[in-house]
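Novice: Below is the file coords25.txt, which contains compact mmCIF, C-alpha atoms.
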```txt
# COMPACT_ATOMS: atom_id res chain seq x y z
CA MET A 1 91.96 84.15 -70.05
CA HIS A 2 95.65 84.98 -69.72
CA SER A 3 97.55 84.00 -66.60
CA PRO A 4 98.80 86.61 -64.10
CA ALA A 5 102.37 85.54 -64.89
CA GLN A 6 101.87 86.13 -68.60
CA ILE A 7 100.35 89.56 -67.96
CA ALA A 8 103.22 90.43 -65.61
CA ASN A 9 105.72 89.45 -68.31
CA TRP A 10 103.96 91.58 -70.89
CA ASN A 11 103.93 94.55 -68.55
CA ALA A 12 107.66 94.19 -67.94
CA GLU A 13 108.41 93.87 -71.66
CA LEU A 14 106.22 96.81 -72.68
CA ARG A 15 107.30 99.20 -69.92
CA SER A 16 110.13 100.63 -72.05
CA GLN A 17 108.19 100.69 -75.33
CA SER A 18 106.67 103.78 -76.93
CA PRO A 19 102.88 104.20 -76.89
CA LEU A 20 102.76 103.55 -80.65
CA ALA A 21 104.77 100.35 -80.26
CA ILE A 22 102.38 99.23 -77.49
CA VAL A 23 99.33 99.94 -79.68
CA ARG A 24 100.87 97.96 -82.53
CA TRP A 25 101.58 95.11 -80.12
CA ALA A 26 97.97 95.20 -78.91
CA VAL A 27 96.58 95.10 -82.44
CA ALA A 28 98.88 92.17 -83.28
CA GLN A 29 97.54 90.23 -80.26
CA ALA A 30 93.92 90.78 -81.23
CA GLY A 31 93.56 88.59 -84.30
CA GLY A 32 91.58 91.30 -86.06
CA ARG A 33 89.35 91.93 -83.04
CA ALA A 34 90.83 95.01 -81.37
CA ILE A 35 88.79 98.04 -80.41
CA VAL A 36 89.61 101.37 -78.80
CA SER A 37 87.17 103.11 -76.47
CA THR A 38 86.82 106.84 -75.99
CA ASN A 39 84.71 109.42 -74.19
CA PHE A 40 86.37 112.39 -75.94
CA ARG A 41 87.70 113.79 -72.67
CA PRO A 42 90.95 115.81 -72.58
CA TYR A 43 93.87 114.11 -74.35
CA GLU A 44 91.69 111.42 -75.98
CA ALA A 45 92.93 112.60 -79.37
CA VAL A 46 96.27 110.97 -78.50
CA ILE A 47 94.98 107.41 -78.12
CA LEU A 48 92.70 107.78 -81.14
CA HIS A 49 95.55 109.04 -83.32
CA LEU A 50 97.79 106.18 -82.15
CA ALA A 51 95.11 103.53 -82.66
CA THR A 52 94.26 104.65 -86.19
CA GLN A 53 97.95 104.65 -87.11
CA ALA A 54 98.17 101.00 -86.12
CA GLN A 55 94.80 100.03 -87.63
CA PRO A 56 92.99 102.73 -89.63
CA ASP A 57 89.61 100.96 -89.47
CA ILE A 58 89.73 100.04 -85.77
CA PRO A 59 86.24 100.26 -84.21
CA VAL A 60 85.96 103.18 -81.79
CA LEU A 61 83.44 102.42 -79.04
CA TRP A 62 81.82 105.57 -77.65
CA VAL A 63 79.01 105.63 -75.11
CA ASP A 64 77.12 108.83 -75.81
CA HIS A 65 75.10 109.07 -72.59
CA GLY A 66 73.45 112.28 -73.75
CA TYR A 67 74.91 114.53 -71.06
CA ASN A 68 77.98 115.74 -72.96
CA ARG A 69 78.46 119.46 -73.30
CA PRO A 70 78.26 121.07 -76.75
CA ALA A 71 82.05 121.50 -76.92
CA THR A 72 82.53 117.75 -76.42
CA TYR A 73 80.13 116.89 -79.25
CA ARG A 74 81.92 119.36 -81.54
CA HIS A 75 85.28 117.87 -80.52
CA ALA A 76 84.03 114.36 -81.24
CA GLU A 77 82.86 115.38 -84.70
CA ALA A 78 86.15 117.18 -85.43
CA LEU A 79 88.19 114.08 -84.48
CA ARG A 80 85.84 111.75 -86.37
CA THR A 81 86.43 113.77 -89.52
CA ARG A 82 90.13 114.46 -88.97
CA LEU A 83 91.11 110.86 -88.17
CA ASN A 84 88.41 109.18 -90.31
CA LEU A 85 87.27 107.30 -87.22
CA TYR A 86 85.17 104.17 -87.53
CA LEU A 87 83.02 105.52 -84.71
CA ARG A 88 80.57 103.09 -83.12
CA PRO A 89 78.32 105.10 -80.78
CA TYR A 90 76.15 103.29 -78.23
CA LEU A 91 73.32 105.13 -76.51
CA PRO A 92 71.42 104.30 -73.32
CA ARG A 93 67.93 102.85 -73.70
CA LEU A 94 66.63 106.07 -72.08
CA SER A 95 67.46 109.50 -73.45
CA ALA A 96 68.90 112.03 -71.01
CA ALA A 97 65.67 114.05 -71.12
CA HIS A 98 63.55 110.94 -70.48
CA ARG A 99 65.72 109.81 -67.60
CA ASP A 100 65.72 113.24 -65.93
CA ALA A 101 61.94 113.58 -66.29
CA ILE A 102 61.33 110.24 -64.56
CA HIS A 103 64.19 110.08 -62.05
CA GLY A 104 65.16 113.71 -61.51
CA PRO A 105 68.54 115.41 -61.89
CA VAL A 106 71.86 113.60 -62.03
CA PRO A 107 72.67 112.40 -58.49
CA ALA A 108 74.90 114.60 -56.37
CA LEU A 109 78.50 113.69 -55.54
CA ASN A 110 77.55 112.56 -52.03
CA ASP A 111 74.90 110.14 -53.35
CA GLU A 112 77.17 107.19 -54.12
CA ALA A 113 74.34 104.67 -54.52
CA GLY A 114 72.48 107.01 -56.85
CA LEU A 115 75.59 107.65 -58.94
CA LYS A 116 76.18 103.92 -59.32
CA ARG A 117 72.59 103.37 -60.49
CA PHE A 118 72.92 106.30 -62.90
CA SER A 119 76.19 104.90 -64.25
CA ALA A 120 74.73 101.43 -64.70
CA VAL A 121 71.79 102.65 -66.79
CA MET A 122 73.35 105.51 -68.74
CA LYS A 123 76.92 104.28 -69.25
CA LEU A 124 77.66 100.67 -68.26
CA GLU A 125 74.68 99.03 -70.00
CA PRO A 126 75.32 100.67 -73.40
CA PHE A 127 79.04 99.96 -73.03
CA GLN A 128 78.32 96.30 -72.28
CA ARG A 129 76.03 96.17 -75.33
CA GLY A 130 78.85 97.58 -77.45
CA MET A 131 81.35 95.09 -76.11
CA ARG A 132 78.99 92.20 -76.81
CA GLU A 133 78.33 93.31 -80.38
CA LEU A 134 81.92 94.21 -81.23
CA ALA A 135 83.27 91.18 -79.30
CA PRO A 136 86.88 92.36 -78.95
CA THR A 137 89.69 90.16 -77.74
CA VAL A 138 91.76 93.29 -77.04
CA TRP A 139 90.39 96.55 -75.66
CA ILE A 140 92.68 99.58 -76.04
CA THR A 141 92.06 102.35 -73.49
CA ALA A 142 93.51 105.73 -72.51
CA LEU A 143 93.83 104.81 -68.82
CA ARG A 144 96.74 106.40 -66.97
CA GLN A 145 98.12 105.61 -63.53
CA THR A 146 97.90 109.26 -62.44
CA GLN A 147 94.11 109.45 -62.90
CA ASN A 148 93.12 107.90 -59.57
CA ALA A 149 94.17 105.32 -56.99
CA GLN A 150 92.09 102.54 -58.57
CA ARG A 151 93.85 102.92 -61.92
CA ALA A 152 97.31 103.29 -60.38
CA GLY A 153 97.08 99.64 -59.34
CA LEU A 154 96.56 98.36 -62.89
CA GLY A 155 99.26 98.35 -65.58
CA ILE A 156 99.77 98.65 -69.31
CA VAL A 157 98.16 95.22 -69.71
CA SER A 158 95.44 93.77 -67.51
CA HIS A 159 92.58 91.31 -67.76
CA ASP A 160 89.29 93.14 -67.56
CA GLU A 161 86.91 91.32 -65.25
CA ASN A 162 83.84 93.34 -66.22
CA PHE A 163 83.91 92.70 -69.97
CA GLY A 164 86.27 89.74 -70.40
CA ALA A 165 88.81 91.33 -72.74
CA LEU A 166 92.55 91.88 -72.54
CA LYS A 167 92.82 95.58 -71.64
CA VAL A 168 95.82 97.47 -73.00
CA SER A 169 96.59 101.04 -71.90
CA PRO A 170 99.48 102.38 -74.02
CA LEU A 171 99.46 105.78 -72.27
CA PHE A 172 99.56 104.30 -68.77
CA TYR A 173 102.85 105.94 -67.75
CA GLN A 174 102.49 109.12 -69.80
CA SER A 175 102.40 112.53 -68.08
CA ASP A 176 100.19 115.47 -69.01
CA ALA A 177 103.27 117.21 -70.39
CA GLU A 178 104.06 114.27 -72.67
CA LEU A 179 100.51 114.19 -73.96
CA GLU A 180 100.54 117.95 -74.53
CA ALA A 181 103.74 117.53 -76.54
CA TYR A 182 102.15 114.77 -78.63
CA LEU A 183 99.13 116.94 -79.41
CA ARG A 184 101.40 119.79 -80.50
CA ALA A 185 103.64 117.54 -82.59
CA HIS A 186 100.67 116.16 -84.52
CA ASP A 187 98.55 119.33 -84.53
CA LEU A 188 95.69 117.60 -82.73
CA PRO A 189 92.85 119.36 -80.89
CA ASN A 190 92.06 119.02 -77.19
CA GLU A 191 88.82 119.51 -75.27
CA TRP A 192 88.70 120.98 -71.77
CA ASP A 193 84.95 121.45 -71.29
CA TYR A 194 84.37 117.71 -70.82
CA PHE A 195 82.27 116.53 -67.88
CA ASP A 196 81.17 112.98 -67.06
CA PRO A 197 78.04 112.94 -64.86
CA ALA A 198 78.60 109.24 -64.11
CA LYS A 199 81.84 110.17 -62.34
CA ALA A 200 80.85 113.56 -60.87
CA ASP A 201 84.46 113.96 -59.71
CA GLU A 202 87.74 113.29 -61.52
CA LYS A 203 88.98 110.90 -58.83
CA ARG A 204 85.82 108.80 -58.79
CA GLU A 205 85.33 105.74 -61.00
CA CYS A 206 82.30 105.46 -63.30
CA GLY A 207 82.34 101.66 -63.06
CA LEU A 208 83.88 100.68 -66.40
CA HIS A 209 87.23 99.93 -64.78
CA ALA A 210 86.10 99.10 -61.22
CA ALA A 211 84.89 95.81 -59.75
CA TRP A 212 81.57 97.31 -58.62
CA GLY A 213 80.65 97.92 -62.26
CA LYS A 214 80.01 94.21 -62.81
CA THR A 215 77.66 94.09 -59.82
CA GLN A 216 75.73 97.11 -61.02
CA LEU A 217 75.47 95.70 -64.54
CA SER A 218 73.89 92.50 -63.22
CA ALA A 219 71.11 94.58 -61.68
CA VAL A 220 70.23 96.28 -64.98
CA ALA A 221 67.58 94.51 -67.02
CA PRO A 222 68.79 93.44 -70.50
```
As a first step, turn the structure in this file into structure tokens.
Specialist:
Amino acid sequence: MHSPAQIANWNAELRSQSPLAIVRWAVAQAGGRAIVSTNFRPYEAVILHLATQAQPDIPVLWVDHGYNRPATYRHAEALRTRLNLYLRPYLPRLSAAHRDAIHGPVPALNDEAGLKRFSAVMKLEPFQRGMRELAPTVWITALRQTQNAQRAGLGIVSHDENFGALKVSPLFYQSDAELEAYLRAHDLPNEWDYFDPAKADEKRECGLHAAWGKTQLSAVAP
């Protein structure tokens, strides 16, 4: 585990670097054990394009919880083909149809406890399984400080308490306009029909990057 001082130094050094330079730095730190995660939400093509430039065969961890809309699945397939992604999908132990038949519809936004249970079973457990199997030392993400208050308090580099990896977010300070410009410059597709039932709202965390995720994971049977 890296010390807070070391992480603070890295954040200061990387603050002025380009996203591609940060990705290359992350890959260099990983000793051959870097991964990038994605959910194929808007602008995810940027981080995937950057990651495959730095390491063409980088494993791409994707939790396919089964609730994605058709446009998101088509977008995922288009990017897999276009970028030759080494896509590593992880699925929940229950299919979406099975879960809904037994437990009912996805919990409503005002059912925080229900949403956390849903997230633990359909998203956090398969993600944890992926992290255990891929065993990364460095986890590259598309987190940005503008996404919500929880993420604003992180940084380009942080130690992830839930999964034990060094988390690197090369797009942390990027604006929507900068990401739009990157997509145009590289002729990359975007996807606006994305919806994550584990979040239910854009400002809510699904648990991957929040402390409560670890607690919920411990309650899910292996």
Novice: Which residues come within 12 Å of Ala5 (chain A), counting all atoms listed in the file, excluding same-chain residues fewer than 4 positions away, as a PyMOL selection string?
Specialist: chain A and resi 1+9-12+157-159
Novice: Could you take the residues named above and write them with C-alpha atoms, as a PDB file, in the frame of the given file?
Specialist:
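Now in selection11.pdb:
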```pdb
ATOM      1  CA  MET A   1      91.960  84.150 -70.050  1.00  0.00           C
ATOM      2  CA  ASN A   9     105.720  89.450 -68.310  1.00  0.00           C
ATOM      3  CA  TRP A  10     103.960  91.580 -70.890  1.00  0.00           C
ATOM      4  CA  ASN A  11     103.930  94.550 -68.550  1.00  0.00           C
ATOM      5  CA  ALA A  12     107.660  94.190 -67.940  1.00  0.00           C
ATOM      6  CA  VAL A 157      98.160  95.220 -69.710  1.00  0.00           C
ATOM      7  CA  SER A 158      95.440  93.770 -67.510  1.00  0.00           C
ATOM      8  CA  HIS A 159      92.580  91.310 -67.760  1.00  0.00           C
TER       9      HIS A 159
END
```
Novice: Name the residues in contact with Asp111 (chain A) at a cut-off of 12 Å, using all atoms listed in the file, excluding same-chain residues fewer than 6 positions from it; report them as a VMD selection string.
Specialist: chain A and resid 105 117 to 118 198 to 200
Novice: If I take CA of Arg74 (chain A) and CA of Trp192 (chain A), how far is one from the other in Å, to one decimal?
Specialist: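 Between CA of Arg74 (chain A) and CA of Trp192 (chain A) the gap is 12.0 Å.
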Novice: Between A:Phe127, A:Phe40, A:Trp62, A:Phe195, which one has atoms that come closest to Ala78 (chain A), using all atoms listed in the file?
Specialist: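 Under the stated criterion, the closest residue is A:Phe40.
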Novice: Mind pulling up the distance from CA of Glu180 (chain A) to CA of Pro197 (chain A)?
Specialist: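 CA of Glu180 (chain A) lies at a distance of 25.0 Å from CA of Pro197 (chain A).
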Novice: So, with only C-alpha atoms as the atoms that count, which of A:Pro107, A:His75, A:Leu134, A:Pro59 lies closest to Tyr43 (chain A)?
Specialist: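 Selected residue with least distance to Tyr43 (chain A): A:His75.
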Novice: For a quick check of understanding, using all atoms listed in the file, which of A:Ala51, A:Ala71, A:Met131, A:Ala30 has the smallest distance to Tyr86 (chain A)?
Specialist: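 Of all the options, A:Ala51 lies closest to Tyr86 (chain A).
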Novice: From the set A:Ala165, A:Leu14, A:Leu171, A:Ala45, which residue has the shortest atom-to-atom contact distance to Arg132 (chain A), counting only C-alpha atoms?
Specialist: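 Checking each of A:Ala165, A:Leu14, A:Leu171, A:Ala45 against Arg132 (chain A), counting only C-alpha atoms, the winner is A:Ala165.
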Novice: I'd like the interatomic distance between CA of Val121 (chain A) and CA of Pro92 (chain A), to a tenth of an Å.
Specialist: 6.7 Å
Novice: Extract, using all atoms listed in the file, all DNA, RNA and protein residues at most 8 Å from Pro42 (chain A), discarding same-chain residues fewer than 4 positions from it, and format them as a PyMOL selection string.
Specialist: chain A and resi 190-192+194
Novice: When distances are computed from only C-alpha atoms, which of A:Ala76, A:Leu20, A:Ala177, A:Ile7 shows the smallest separation from Gln55 (chain A)?
Specialist: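 Among the listed residues, A:Leu20 lies closest to Gln55 (chain A).
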Novice: Measuring between only C-alpha atoms, which one of A:Ile58, A:Leu79, A:Ile156, A:Leu94 shows the shortest distance to Thr141 (chain A)?
Specialist: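 Smallest separation from Thr141 (chain A) among the options: A:Ile156.
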Novice: List the spatial neighbours of Pro56 (chain A) as a list of chain:residue names - criterion: any atom at most 12 Å away, all atoms listed in the file, same-chain residues fewer than 2 positions off excluded.
Specialist: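 Surrounding residues, per the criterion: A:Arg24, A:Val27, A:Ala34, A:Ile35, A:Val36, A:Leu48, A:His49, A:Leu50, A:Ala51, A:Thr52, A:Gln53, A:Ala54, A:Ile58, A:Pro59, A:Val60, A:Arg80, A:Leu83, A:Asn84, A:Leu85, A:Tyr86, A:Leu87.
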Novice: Could you save those same residues with C-alpha atoms as a JSON list (two decimals), in the frame of the given file?
Specialist:
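In the end it all went to again-v6.json:
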```
[["chain", "number", "residue", "atom", "x", "y", "z"],
["A", 24, "ARG", "CA", 100.87, 97.96, -82.53],
["A", 27, "VAL", "CA", 96.58, 95.10, -82.44],
["A", 34, "ALA", "CA", 90.83, 95.01, -81.37],
["A", 35, "ILE", "CA", 88.79, 98.04, -80.41],
["A", 36, "VAL", "CA", 89.61, 101.37, -78.80],
["A", 48, "LEU", "CA", 92.70, 107.78, -81.14],
["A", 49, "HIS", "CA", 95.55, 109.04, -83.32],
["A", 50, "LEU", "CA", 97.79, 106.18, -82.15],
["A", 51, "ALA", "CA", 95.11, 103.53, -82.66],
["A", 52, "THR", "CA", 94.26, 104.65, -86.19],
["A", 53, "GLN", "CA", 97.95, 104.65, -87.11],
["A", 54, "ALA", "CA", 98.17, 101.00, -86.12],
["A", 58, "ILE", "CA", 89.73, 100.04, -85.77],
["A", 59, "PRO", "CA", 86.24, 100.26, -84.21],
["A", 60, "VAL", "CA", 85.96, 103.18, -81.79],
["A", 80, "ARG", "CA", 85.84, 111.75, -86.37],
["A", 83, "LEU", "CA", 91.11, 110.86, -88.17],
["A", 84, "ASN", "CA", 88.41, 109.18, -90.31],
["A", 85, "LEU", "CA", 87.27, 107.30, -87.22],
["A", 86, "TYR", "CA", 85.17, 104.17, -87.53],
["A", 87, "LEU", "CA", 83.02, 105.52, -84.71]]
```
Novice: Give as a list in words each residue that has an atom at most 12 Å from (67.1, 110.7, -64.0) in the file, counting only C-alpha atoms.
Specialist: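 Nearby residues: His65, Gly66, Tyr67, Leu94, Ser95, Ala96, Ala97, His98, Arg99, Asp100, Ala101, Ile102, His103, Gly104, Pro105, Val106, Pro107, Ala108, Gly114, Leu115, Arg117, Phe118, Ser119, Val121, Met122, Pro197 and Ala198 of chain A.
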Novice: Around region 81-100 of chain A, fit a box with edges along x, y and z, padding it by 6 Å on each side, then list its centre and edge lengths in Å to one decimal as JSON.
Specialist:
```
{"center_x": 77.3, "center_y": 108.7, "center_z": -78.1, "size_x": 39.6, "size_y": 23.6, "size_z": 36.4}
```
Novice: Atoms are missing here; could region 29-56 of chain A be completed with N, CA and C atoms and written as an mmCIF file, keeping the file's coordinate frame?
Specialist:
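Written file, part02.cif:
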```cif
data_model
loop_
_atom_site.group_PDB
_atom_site.id
_atom_site.type_symbol
_atom_site.label_atom_id
_atom_site.label_comp_id
_atom_site.auth_asym_id
_atom_site.auth_seq_id
_atom_site.Cartn_x
_atom_site.Cartn_y
_atom_site.Cartn_z
ATOM 1 N N GLN A 29 98.053 91.287 -81.140
ATOM 2 C CA GLN A 29 97.540 90.230 -80.260
ATOM 3 C C GLN A 29 96.072 89.909 -80.529
ATOM 4 N N ALA A 30 95.377 90.826 -81.191
ATOM 5 C CA ALA A 30 93.920 90.780 -81.230
ATOM 6 C C ALA A 30 93.326 89.863 -82.281
ATOM 7 N N GLY A 31 94.099 89.427 -83.248
ATOM 8 C CA GLY A 31 93.560 88.590 -84.300
ATOM 9 C C GLY A 31 92.442 89.263 -85.073
ATOM 10 N N GLY A 32 92.594 90.554 -85.322
ATOM 11 C CA GLY A 32 91.580 91.300 -86.060
ATOM 12 C C GLY A 32 90.399 91.750 -85.228
ATOM 13 N N ARG A 33 90.486 91.581 -83.900
ATOM 14 C CA ARG A 33 89.350 91.930 -83.040
ATOM 15 C C ARG A 33 89.768 92.897 -81.931
ATOM 16 N N ALA A 34 90.492 93.946 -82.324
ATOM 17 C CA ALA A 34 90.830 95.010 -81.370
ATOM 18 C C ALA A 34 89.816 96.138 -81.495
ATOM 19 N N ILE A 35 89.558 96.801 -80.389
ATOM 20 C CA ILE A 35 88.790 98.040 -80.410
ATOM 21 C C ILE A 35 89.515 99.065 -79.542
ATOM 22 N N VAL A 36 89.159 100.321 -79.721
ATOM 23 C CA VAL A 36 89.610 101.370 -78.800
ATOM 24 C C VAL A 36 88.355 102.078 -78.313
ATOM 25 N N SER A 37 88.324 102.390 -77.020
ATOM 26 C CA SER A 37 87.170 103.110 -76.470
ATOM 27 C C SER A 37 87.562 104.562 -76.228
ATOM 28 N N THR A 38 86.561 105.432 -76.243
ATOM 29 C CA THR A 38 86.820 106.840 -75.990
ATOM 30 C C THR A 38 85.590 107.481 -75.363
ATOM 31 N N ASN A 39 85.817 108.570 -74.642
ATOM 32 C CA ASN A 39 84.710 109.420 -74.190
ATOM 33 C C ASN A 39 84.953 110.869 -74.620
ATOM 34 N N PHE A 40 86.013 111.078 -75.402
ATOM 35 C CA PHE A 40 86.370 112.390 -75.940
ATOM 36 C C PHE A 40 86.709 113.412 -74.849
ATOM 37 N N ARG A 41 87.219 112.919 -73.745
ATOM 38 C CA ARG A 41 87.700 113.790 -72.670
ATOM 39 C C ARG A 41 89.051 114.393 -73.071
ATOM 40 N N PRO A 42 89.634 115.266 -72.251
ATOM 41 C CA PRO A 42 90.950 115.810 -72.580
ATOM 42 C C PRO A 42 91.983 114.717 -72.876
ATOM 43 N N TYR A 43 92.767 114.960 -73.903
ATOM 44 C CA TYR A 43 93.870 114.110 -74.350
ATOM 45 C C TYR A 43 93.439 112.840 -75.092
ATOM 46 N N GLU A 44 92.129 112.622 -75.267
ATOM 47 C CA GLU A 44 91.690 111.420 -75.980
ATOM 48 C C GLU A 44 92.161 111.396 -77.431
ATOM 49 N N ALA A 45 92.439 112.562 -77.997
ATOM 50 C CA ALA A 45 92.930 112.600 -79.370
ATOM 51 C C ALA A 45 94.219 111.799 -79.521
ATOM 52 N N VAL A 46 94.995 111.701 -78.436
ATOM 53 C CA VAL A 46 96.270 110.970 -78.500
ATOM 54 C C VAL A 46 96.019 109.487 -78.765
ATOM 55 N N ILE A 47 95.195 108.857 -77.954
ATOM 56 C CA ILE A 47 94.980 107.410 -78.120
ATOM 57 C C ILE A 47 94.285 107.115 -79.438
ATOM 58 N N LEU A 48 93.402 108.003 -79.877
ATOM 59 C CA LEU A 48 92.700 107.780 -81.140
ATOM 60 C C LEU A 48 93.649 107.916 -82.331
ATOM 61 N N HIS A 49 94.553 108.878 -82.264
ATOM 62 C CA HIS A 49 95.550 109.040 -83.320
ATOM 63 C C HIS A 49 96.474 107.825 -83.374
ATOM 64 N N LEU A 50 96.915 107.351 -82.211
ATOM 65 C CA LEU A 50 97.790 106.180 -82.150
ATOM 66 C C LEU A 50 97.078 104.940 -82.701
ATOM 67 N N ALA A 51 95.833 104.735 -82.266
ATOM 68 C CA ALA A 51 95.110 103.530 -82.660
ATOM 69 C C ALA A 51 94.865 103.493 -84.161
ATOM 70 N N THR A 52 94.533 104.640 -84.750
ATOM 71 C CA THR A 52 94.260 104.650 -86.190
ATOM 72 C C THR A 52 95.537 104.568 -87.015
ATOM 73 N N GLN A 53 96.684 104.893 -86.421
ATOM 74 C CA GLN A 53 97.950 104.650 -87.110
ATOM 75 C C GLN A 53 98.218 103.153 -87.208
ATOM 76 N N ALA A 54 97.917 102.442 -86.132
ATOM 77 C CA ALA A 54 98.170 101.000 -86.120
ATOM 78 C C ALA A 54 97.135 100.226 -86.925
ATOM 79 N N GLN A 55 95.882 100.690 -86.884
ATOM 80 C CA GLN A 55 94.800 100.030 -87.630
ATOM 81 C C GLN A 55 93.785 101.097 -88.020
ATOM 82 N N PRO A 56 93.845 101.605 -89.235
ATOM 83 C CA PRO A 56 92.990 102.730 -89.630
ATOM 84 C C PRO A 56 91.494 102.488 -89.444
#
```
